[in-house]
$ cat structure-v5.txt   # compact mmCIF, C-alpha atoms and all ligand atoms
# COMPACT_ATOMS: atom_id res chain seq x y z
CA MET Z 1432 17.62 -32.52 19.08
CA ALA Z 1433 18.42 -29.86 16.54
CA CYS Z 1434 22.13 -30.47 17.32
CA CYS Z 1435 22.21 -33.32 14.78
CA LEU Z 1436 21.24 -30.83 12.08
CA ARG Z 1437 23.63 -27.99 12.99
CA GLY Z 1438 25.40 -26.43 10.04
CA MET Z 1439 22.41 -26.82 7.69
CA PRO Z 1440 21.38 -23.19 7.12
CA ASP Z 1441 17.87 -22.24 5.94
CA MET Z 1442 16.43 -25.57 6.95
CA ASN Z 1443 12.87 -26.44 6.05
CA VAL Z 1444 11.40 -28.72 8.68
CA ILE Z 1445 8.33 -30.95 8.94
CA LEU Z 1446 7.05 -31.62 12.46
CA PHE Z 1447 4.66 -34.35 13.59
CA GLY Z 1448 3.22 -34.24 17.12
CA ALA Z 1449 3.33 -30.46 17.61
CA THR Z 1450 0.28 -30.59 19.89
CA GLY Z 1451 2.10 -32.97 22.26
CA MET Z 1452 4.62 -32.32 24.99
CA VAL Z 1453 7.77 -33.18 23.06
CA GLY Z 1454 6.47 -31.61 19.86
CA GLN Z 1455 5.62 -28.31 21.59
CA GLY Z 1456 9.20 -28.09 22.80
CA VAL Z 1457 10.63 -28.96 19.38
CA LEU Z 1458 8.34 -26.40 17.71
CA ARG Z 1459 9.48 -23.71 20.14
CA GLU Z 1460 13.16 -24.41 19.44
CA CYS Z 1461 12.63 -24.53 15.67
CA LEU Z 1462 10.80 -21.19 15.63
CA LEU Z 1463 13.57 -19.60 17.73
CA ASP Z 1464 16.39 -21.08 15.62
CA SER Z 1465 17.72 -18.71 12.96
CA GLU Z 1466 18.92 -21.73 10.90
CA VAL Z 1467 15.34 -22.95 10.51
CA GLU Z 1468 13.61 -21.11 7.70
CA SER Z 1469 10.20 -22.80 7.85
CA VAL Z 1470 8.23 -25.33 9.87
CA LEU Z 1471 5.32 -27.35 8.51
CA SER Z 1472 3.32 -28.94 11.30
CA ILE Z 1473 1.22 -31.95 10.32
CA GLY Z 1474 -1.32 -33.40 12.74
CA ARG Z 1475 -4.87 -34.57 13.21
CA ASN Z 1476 -5.58 -31.53 15.43
CA ALA Z 1477 -4.67 -27.92 14.78
CA ILE Z 1478 -2.17 -25.99 16.86
CA GLU Z 1479 -3.27 -22.54 17.99
CA GLN Z 1480 0.13 -20.92 17.66
CA GLN Z 1481 0.77 -18.55 14.78
CA HIS Z 1482 4.20 -17.52 13.53
CA GLU Z 1483 5.58 -16.24 10.25
CA LYS Z 1484 7.75 -19.37 9.85
CA LEU Z 1485 4.92 -21.77 10.68
CA GLN Z 1486 2.42 -23.47 8.40
CA GLN Z 1487 0.19 -26.37 9.25
CA ILE Z 1488 -1.75 -29.18 7.69
CA VAL Z 1489 -4.58 -30.82 9.61
CA LEU Z 1490 -5.60 -34.27 8.37
CA LYS Z 1491 -8.05 -36.63 10.01
CA THR Z 1492 -5.86 -39.66 9.36
CA LEU Z 1493 -2.11 -39.41 8.93
CA THR Z 1494 -1.63 -42.88 7.43
CA ASP Z 1495 -2.63 -41.46 4.05
CA LEU Z 1496 -0.77 -38.28 3.12
CA SER Z 1497 -1.74 -38.50 -0.56
CA PRO Z 1498 -4.23 -35.57 -0.39
CA VAL Z 1499 -1.39 -33.24 0.64
CA GLU Z 1500 1.60 -34.83 -1.15
CA SER Z 1501 2.09 -31.81 -3.40
CA ARG Z 1502 2.98 -29.76 -0.26
CA LEU Z 1503 5.54 -32.20 1.15
CA SER Z 1504 8.58 -31.74 -1.12
CA GLY Z 1505 11.61 -29.54 -0.50
CA TYR Z 1506 12.12 -30.41 3.17
CA ASP Z 1507 15.48 -31.03 4.86
CA ALA Z 1508 14.36 -32.61 8.11
CA CYS Z 1509 11.44 -34.24 9.86
CA PHE Z 1510 11.04 -34.27 13.64
CA PHE Z 1511 8.65 -37.13 14.38
CA CYS Z 1512 7.38 -36.43 17.92
CA LEU Z 1513 4.03 -38.16 17.45
CA GLY Z 1514 3.52 -41.12 19.77
CA VAL Z 1515 1.39 -42.68 22.44
CA SER Z 1516 1.83 -44.39 25.77
CA SER Z 1517 1.09 -48.13 25.51
CA ALA Z 1518 -0.74 -48.03 28.87
CA GLY Z 1519 -4.17 -49.60 28.40
CA MET Z 1520 -3.67 -50.21 24.68
CA SER Z 1521 -3.85 -53.53 22.85
CA GLU Z 1522 -0.70 -54.59 20.98
CA GLU Z 1523 -2.54 -54.14 17.68
CA ASP Z 1524 -3.64 -50.58 18.45
CA TYR Z 1525 -0.23 -49.59 19.81
CA ARG Z 1526 1.48 -51.09 16.73
CA HIS Z 1527 -0.89 -49.21 14.45
CA VAL Z 1528 0.10 -45.79 15.85
CA THR Z 1529 3.72 -46.54 16.65
CA TYR Z 1530 4.78 -48.67 13.68
CA ASP Z 1531 2.21 -48.49 10.86
CA LEU Z 1532 1.55 -44.75 11.05
CA THR Z 1533 5.21 -43.80 11.50
CA LEU Z 1534 6.44 -46.03 8.68
CA SER Z 1535 3.71 -44.89 6.33
CA VAL Z 1536 4.62 -41.23 6.93
CA ALA Z 1537 8.35 -41.97 6.62
CA ALA Z 1538 7.88 -43.87 3.32
CA THR Z 1539 6.06 -40.89 1.78
CA LEU Z 1540 8.60 -38.36 3.08
CA VAL Z 1541 11.69 -40.25 1.91
CA ARG Z 1542 10.19 -40.76 -1.54
CA LEU Z 1543 9.54 -37.02 -1.87
CA ASN Z 1544 12.69 -35.85 -0.01
CA PRO Z 1545 15.61 -38.29 -0.50
CA ALA Z 1546 18.00 -35.78 1.14
CA MET Z 1547 15.91 -35.58 4.30
CA THR Z 1548 17.19 -36.22 7.85
CA PHE Z 1549 14.57 -38.06 9.93
CA VAL Z 1550 14.54 -37.63 13.71
CA TYR Z 1551 12.38 -40.10 15.63
CA VAL Z 1552 11.48 -39.70 19.29
CA SER Z 1553 11.59 -43.19 20.71
CA GLY Z 1554 12.10 -44.00 24.39
CA ALA Z 1555 14.63 -45.30 26.92
CA GLY Z 1556 14.48 -49.10 27.12
CA THR Z 1557 13.52 -49.59 23.48
CA ASP Z 1558 14.27 -53.15 22.38
CA SER Z 1559 16.30 -53.28 19.16
CA SER Z 1560 16.12 -57.11 19.18
CA GLU Z 1561 12.33 -56.82 18.64
CA HIS Z 1562 11.93 -60.03 20.69
CA GLY Z 1563 11.94 -58.90 24.32
CA ARG Z 1564 9.11 -59.23 26.83
CA MET Z 1565 7.92 -55.62 26.84
CA MET Z 1566 5.33 -55.06 24.12
CA TRP Z 1567 5.97 -51.31 23.73
CA ALA Z 1568 9.75 -51.77 23.65
CA ARG Z 1569 9.58 -54.46 20.93
CA ILE Z 1570 7.35 -52.28 18.76
CA LYS Z 1571 9.45 -49.13 19.25
CA GLY Z 1572 12.53 -51.28 18.41
CA LYS Z 1573 10.88 -52.59 15.25
CA THR Z 1574 9.95 -49.02 14.30
CA GLU Z 1575 13.48 -47.74 14.89
CA ASN Z 1576 15.01 -50.63 12.90
CA ALA Z 1577 12.67 -50.04 9.96
CA LEU Z 1578 13.37 -46.29 9.96
CA LEU Z 1579 17.13 -46.89 10.07
CA ALA Z 1580 16.82 -49.17 7.02
CA MET Z 1581 15.08 -46.50 4.93
CA PRO Z 1582 17.11 -44.47 2.43
CA PHE Z 1583 17.03 -41.15 4.33
CA LYS Z 1584 20.16 -39.03 4.14
CA ALA Z 1585 20.36 -39.66 7.89
CA ALA Z 1586 18.08 -40.98 10.60
CA TYR Z 1587 18.44 -40.39 14.35
CA MET Z 1588 16.62 -42.30 17.04
CA PHE Z 1589 16.28 -40.38 20.33
CA ARG Z 1590 15.58 -42.51 23.40
CA PRO Z 1591 14.67 -40.10 26.19
CA GLY Z 1592 14.00 -41.34 29.69
CA TYR Z 1593 12.49 -38.64 31.88
CA ILE Z 1594 11.70 -35.35 30.13
CA GLN Z 1595 11.09 -32.26 32.24
CA PRO Z 1596 8.59 -30.01 30.43
CA MET Z 1597 9.60 -26.33 30.38
CA HIS Z 1598 8.27 -22.99 29.12
CA GLY Z 1599 4.64 -23.88 29.91
CA VAL Z 1600 4.66 -27.03 27.76
CA ARG Z 1601 2.01 -29.58 28.77
CA THR Z 1602 1.69 -33.31 28.07
CA LYS Z 1603 -1.49 -34.77 26.56
CA THR Z 1604 -0.89 -38.12 28.27
CA GLN Z 1605 -2.84 -38.15 31.51
CA TRP Z 1606 -0.52 -40.34 33.57
CA TYR Z 1607 2.55 -38.37 32.43
CA GLY Z 1608 0.72 -35.25 33.69
CA THR Z 1609 0.26 -36.82 37.11
CA MET Z 1610 3.91 -37.90 37.17
CA TYR Z 1611 5.12 -34.38 36.28
CA ALA Z 1612 2.92 -32.84 38.99
CA ILE Z 1613 4.68 -35.09 41.53
CA ILE Z 1614 8.24 -34.94 40.18
CA SER Z 1615 8.47 -31.29 39.06
CA PRO Z 1616 9.01 -29.81 42.56
CA LEU Z 1617 11.75 -32.40 43.18
CA TYR Z 1618 13.36 -32.06 39.75
CA PRO Z 1619 16.12 -29.54 40.66
CA LEU Z 1620 17.22 -31.82 43.51
CA LEU Z 1621 17.05 -35.00 41.39
CA LYS Z 1622 19.05 -33.28 38.65
CA ARG Z 1623 21.77 -32.26 41.12
CA LEU Z 1624 21.89 -35.76 42.61
CA SER Z 1625 22.16 -37.39 39.17
CA ARG Z 1626 25.31 -35.28 38.53
CA VAL Z 1627 27.10 -36.46 41.66
CA THR Z 1628 26.23 -40.16 41.49
N1 LIG D 1701 7.03 -37.21 27.59
C1 LIG D 1701 8.03 -37.98 27.99
O1 LIG D 1701 8.54 -37.86 29.12
C2 LIG D 1701 8.59 -39.02 27.06
C3 LIG D 1701 9.68 -39.80 27.50
C4 LIG D 1701 10.21 -40.73 26.63
C5 LIG D 1701 9.69 -40.90 25.36
N2 LIG D 1701 8.62 -40.13 24.97
C6 LIG D 1701 8.07 -40.37 23.62
O2 LIG D 1701 7.94 -39.15 22.93
C7 LIG D 1701 6.81 -39.22 22.04
C8 LIG D 1701 5.92 -38.01 22.29
O3 LIG D 1701 5.52 -38.02 23.65
P1 LIG D 1701 4.73 -36.80 24.30
O4 LIG D 1701 5.03 -36.83 25.75
O5 LIG D 1701 4.97 -35.56 23.51
O6 LIG D 1701 3.22 -37.29 24.09
P2 LIG D 1701 1.89 -36.43 24.16
O7 LIG D 1701 2.05 -35.17 24.92
O8 LIG D 1701 0.84 -37.40 24.58
O9 LIG D 1701 1.64 -36.03 22.62
C9 LIG D 1701 1.39 -37.02 21.65
C10 LIG D 1701 1.37 -36.42 20.27
O10 LIG D 1701 1.13 -37.49 19.31
C11 LIG D 1701 -0.08 -37.19 18.58
N3 LIG D 1701 -0.81 -38.43 18.32
C12 LIG D 1701 -0.97 -39.47 19.16
N4 LIG D 1701 -1.69 -40.44 18.56
C13 LIG D 1701 -1.98 -39.98 17.31
C14 LIG D 1701 -2.70 -40.53 16.20
N5 LIG D 1701 -3.27 -41.75 16.24
N6 LIG D 1701 -2.79 -39.80 15.06
C15 LIG D 1701 -2.24 -38.57 15.01
N7 LIG D 1701 -1.54 -37.99 16.03
C16 LIG D 1701 -1.43 -38.71 17.16
C17 LIG D 1701 -0.88 -36.26 19.47
O11 LIG D 1701 -1.77 -35.52 18.66
P3 LIG D 1701 -3.27 -35.08 19.11
O12 LIG D 1701 -3.12 -33.69 19.66
O13 LIG D 1701 -4.04 -35.12 17.86
O14 LIG D 1701 -3.73 -36.09 20.13
C18 LIG D 1701 0.24 -35.40 20.07
O15 LIG D 1701 0.65 -34.41 19.15
C19 LIG D 1701 6.12 -40.56 22.32
O16 LIG D 1701 6.50 -41.48 21.36
C20 LIG D 1701 6.66 -40.96 23.69
O17 LIG D 1701 6.71 -42.37 23.85
C21 LIG D 1701 8.06 -39.19 25.79

$ encode --input "structure-v5.txt" --output "structure tokens" --more "lines below"
Ligand SMILES: NC(=O)c1ccc[n+]([C@@H]2O[C@H](COP(=O)([O-])OP(=O)(O)OC[C@H]3O[C@@H](n4cnc5c(N)ncnc54)[C@H](OP(=O)(O)O)[C@@H]3O)[C@@H](O)[C@H]2O)c1
Amino acid sequence: MACCLRGMPDMNVILFGATGMVGQGVLRECLLDSEVESVLSIGRNAIEQQHEKLQQIVLKTLTDLSPVESRLSGYDACFFCLGVSSAGMSEEDYRHVTYDLTLSVAATLVRLNPAMTFVYVSGAGTDSSEHGRMMWARIKGKTENALLAMPFKAAYMFRPGYIQPMHGVRTKTQWYGTMYAIISPLYPLLKRLSRVT
């Protein structure tokens, strides 16, 4: 993901979702990357990791960043890896986390950091028309479209399909965990097959 930001030395980065599977991986890469000067993790739960480049803000609700606004200026990029699976969720609850929370965070960040690049982790099958049959895909599509319309310096929408966790990273989503336990032993074979087909 950091490839879209290459060439920006001494980057200051905000990360949402650092306690999750994707966020743990992004945090690891940011801390290892010599072009990233600092990482501010923002989440409702603390991360245990400590590192000289890492700071964190823990807030009960992320839809209102006003108590910490004074700490959110001077950032070049935001990796937004916060998200939930729609499994078992009502449309209203899924929209609240996926659309309302994301857009509220993005509106604050772009106001404070007009030169920011925003990177959103979406998902394969996202519906940009916003009118398809799959509830989650419509809402992710609406979220992507709204982010792309905001006056960030740049915004990138990543639509991963299967993600293989590495370096001890664990998902918080129970059914993903079950899926990884089944697929992980087969992953090297599946990867090789996907190259030849
Ligand atoms: N994993 C995959 O294979 C995969 C594939 C395609 C797309 N994606 C997308 O990538 C994104 C991240 O997935 P993931 O696998 O990293 O999920 P995950 O392991 O379940 O982590 C979810 C992250 O979002 C945070 N979060 C969820 N609901 C929140 C809320 N209401 N308020 C504050 N924080 C909240 C969690 O924080 P807490 O620690 O506080 O719960 C955690 O940091 C999702 O949008 C997902 O759809 C994932």

$ closest_residue --input "structure-v5.txt" --among "Z:Val1444, Z:Val1515, Z:Leu1621, Z:Cys1509" --to "Gly1554 (chain Z)" --atoms "only C-alpha atoms"
Z:Val1515

$ closest_residue --input "structure-v5.txt" --among "Z:Val1470, Z:Leu1579, Z:Ala1568, Z:Ala1518" --to "Gly1556 (chain Z)" --atoms "all atoms listed in the file"
Z:Ala1568

$ residues_near_ligand --input "structure-v5.txt" --ligand "ligand LIG 1701 (chain D)" --cutoff "8 Å" --atoms "only C-alpha atoms and all ligand atoms" --output "compact mmCIF listing (two decimals) with C-alpha atoms, in the coordinates of the input"
# COMPACT_ATOMS: atom_id res chain seq x y z
CA PHE Z 1447 4.66 -34.35 13.59
CA GLY Z 1448 3.22 -34.24 17.12
CA ALA Z 1449 3.33 -30.46 17.61
CA THR Z 1450 0.28 -30.59 19.89
CA GLY Z 1451 2.10 -32.97 22.26
CA MET Z 1452 4.62 -32.32 24.99
CA VAL Z 1453 7.77 -33.18 23.06
CA GLY Z 1454 6.47 -31.61 19.86
CA GLN Z 1455 5.62 -28.31 21.59
CA GLY Z 1474 -1.32 -33.40 12.74
CA ARG Z 1475 -4.87 -34.57 13.21
CA ASN Z 1476 -5.58 -31.53 15.43
CA ALA Z 1477 -4.67 -27.92 14.78
CA LYS Z 1491 -8.05 -36.63 10.01
CA THR Z 1492 -5.86 -39.66 9.36
CA LEU Z 1493 -2.11 -39.41 8.93
CA CYS Z 1512 7.38 -36.43 17.92
CA LEU Z 1513 4.03 -38.16 17.45
CA GLY Z 1514 3.52 -41.12 19.77
CA VAL Z 1515 1.39 -42.68 22.44
CA SER Z 1516 1.83 -44.39 25.77
CA VAL Z 1528 0.10 -45.79 15.85
CA THR Z 1529 3.72 -46.54 16.65
CA LEU Z 1532 1.55 -44.75 11.05
CA VAL Z 1552 11.48 -39.70 19.29
CA SER Z 1553 11.59 -43.19 20.71
CA GLY Z 1554 12.10 -44.00 24.39
CA ALA Z 1555 14.63 -45.30 26.92
CA ARG Z 1590 15.58 -42.51 23.40
CA PRO Z 1591 14.67 -40.10 26.19
CA GLY Z 1592 14.00 -41.34 29.69
CA TYR Z 1593 12.49 -38.64 31.88
CA ILE Z 1594 11.70 -35.35 30.13
CA GLN Z 1595 11.09 -32.26 32.24
CA PRO Z 1596 8.59 -30.01 30.43
CA ARG Z 1601 2.01 -29.58 28.77
CA THR Z 1602 1.69 -33.31 28.07
CA LYS Z 1603 -1.49 -34.77 26.56
CA THR Z 1604 -0.89 -38.12 28.27
CA GLN Z 1605 -2.84 -38.15 31.51
CA TYR Z 1607 2.55 -38.37 32.43

$ residues_around --input "structure-v5.txt" --residues "Leu1540 (chain Z)" --least-positions-apart "5" --cutoff "8 Å" --atoms "all atoms listed in the file" --output "PyMOL selection string"
chain Z and resi 1503-1504+1545+1547

$ write_last_selection --input "structure-v5.txt" --atoms "C-alpha atoms" --output "PDB file, in the frame of the given file"
ATOM      1  CA  LEU Z1503       5.540 -32.200   1.150  1.00  0.00           C
ATOM      2  CA  SER Z1504       8.580 -31.740  -1.120  1.00  0.00           C
ATOM      3  CA  PRO Z1545      15.610 -38.290  -0.500  1.00  0.00           C
ATOM      4  CA  MET Z1547      15.910 -35.580   4.300  1.00  0.00           C
TER       5      MET Z1547
END

$ residues_around --input "structure-v5.txt" --residues "Glu1575 (chain Z)" --least-positions-apart "4" --cutoff "9 Å" --atoms "only C-alpha atoms" --output "number ranges by chain"
Z: 1530, 1551, 1553, 1557, 1559, 1570-1571, 1579-1580, 1587-1588

$ closest_residue --input "structure-v5.txt" --among "Z:Thr1539, Z:Asn1443, Z:Ser1517, Z:Thr1533" --to "Ser1465 (chain Z)" --atoms "all atoms listed in the file"
Z:Asn1443

$ atom_distance --input "structure-v5.txt" --atom1 "CA of Phe1510 (chain Z)" --atom2 "CA of Met1442 (chain Z)"
12.2 Å

$ atom_distance --input "structure-v5.txt" --atom1 "CA of Asn1544 (chain Z)" --atom2 "CA of Ala1586 (chain Z)"
13.0 Å

$ closest_residue --input "structure-v5.txt" --among "Z:Glu1523, Z:Met1566, Z:Leu1543, Z:Leu1578" --to "Gly1505 (chain Z)" --atoms "only C-alpha atoms"
Z:Leu1543

$ closest_residue --input "structure-v5.txt" --among "Z:Ala1537, Z:Gln1480, Z:His1562, Z:Gly1456" --to "Val1550 (chain Z)" --atoms "all atoms listed in the file"
Z:Ala1537

$ closest_residue --input "structure-v5.txt" --among "Z:Phe1583, Z:Phe1589, Z:Tyr1506, Z:Trp1567" --to "Ala1538 (chain Z)" --atoms "all atoms listed in the file"
Z:Phe1583

$ atom_distance --input "structure-v5.txt" --atom1 "CA of Val1489 (chain Z)" --atom2 "CA of Ser1469 (chain Z)"
16.9 Å

$ residues_around --input "structure-v5.txt" --residues "Pro1440 (chain Z)" --least-positions-apart "6" --cutoff "12 Å" --atoms "all atoms listed in the file" --output "VMD selection string"
chain Z and resid 1433 1464 to 1469 1507 to 1508

$ decode --input "structure-v5.txt" --residues "region 1572-1586 of chain Z" --atoms "N, CA, C and O atoms" --output "compact mmCIF listing (two decimals), in the first residue's frame"
# COMPACT_ATOMS: atom_id res chain seq x y z
N GLY Z 1572 -19.20 0.94 -1.68
CA GLY Z 1572 -19.15 1.76 -2.90
C GLY Z 1572 -19.49 3.21 -2.60
O GLY Z 1572 -18.83 4.14 -3.07
N LYS Z 1573 -20.53 3.40 -1.78
CA LYS Z 1573 -20.93 4.77 -1.41
C LYS Z 1573 -19.80 5.45 -0.62
O LYS Z 1573 -19.52 6.63 -0.80
N THR Z 1574 -19.15 4.67 0.23
CA THR Z 1574 -18.04 5.22 1.04
C THR Z 1574 -16.88 5.61 0.12
O THR Z 1574 -16.34 6.72 0.24
N GLU Z 1575 -16.52 4.71 -0.78
CA GLU Z 1575 -15.43 5.02 -1.72
C GLU Z 1575 -15.76 6.29 -2.52
O GLU Z 1575 -14.90 7.18 -2.67
N ASN Z 1576 -16.99 6.35 -3.07
CA ASN Z 1576 -17.36 7.49 -3.91
C ASN Z 1576 -17.28 8.80 -3.13
O ASN Z 1576 -16.80 9.82 -3.65
N ALA Z 1577 -17.74 8.76 -1.89
CA ALA Z 1577 -17.71 9.98 -1.07
C ALA Z 1577 -16.27 10.39 -0.75
O ALA Z 1577 -15.92 11.58 -0.79
N LEU Z 1578 -15.41 9.40 -0.48
CA LEU Z 1578 -14.00 9.72 -0.18
C LEU Z 1578 -13.32 10.32 -1.42
O LEU Z 1578 -12.55 11.27 -1.31
N LEU Z 1579 -13.62 9.73 -2.58
CA LEU Z 1579 -12.99 10.22 -3.82
C LEU Z 1579 -13.43 11.64 -4.16
O LEU Z 1579 -12.74 12.36 -4.87
N ALA Z 1580 -14.60 12.04 -3.65
CA ALA Z 1580 -15.11 13.39 -3.93
C ALA Z 1580 -14.57 14.43 -2.95
O ALA Z 1580 -14.81 15.63 -3.11
N MET Z 1581 -13.85 13.99 -1.93
CA MET Z 1581 -13.34 14.94 -0.93
C MET Z 1581 -12.03 15.56 -1.43
O MET Z 1581 -11.30 14.93 -2.20
N PRO Z 1582 -11.74 16.78 -0.94
CA PRO Z 1582 -10.57 17.50 -1.50
C PRO Z 1582 -9.22 17.07 -0.92
O PRO Z 1582 -8.38 17.92 -0.58
N PHE Z 1583 -8.99 15.76 -0.79
CA PHE Z 1583 -7.65 15.29 -0.42
C PHE Z 1583 -6.69 15.57 -1.57
O PHE Z 1583 -7.11 15.66 -2.72
N LYS Z 1584 -5.41 15.61 -1.25
CA LYS Z 1584 -4.41 15.72 -2.33
C LYS Z 1584 -4.57 14.51 -3.26
O LYS Z 1584 -4.53 14.63 -4.48
N ALA Z 1585 -4.76 13.34 -2.65
CA ALA Z 1585 -5.01 12.12 -3.42
C ALA Z 1585 -5.76 11.15 -2.52
O ALA Z 1585 -5.63 11.19 -1.29
N ALA Z 1586 -6.56 10.29 -3.15
CA ALA Z 1586 -7.25 9.25 -2.37
C ALA Z 1586 -7.16 7.95 -3.17
O ALA Z 1586 -7.36 7.94 -4.38
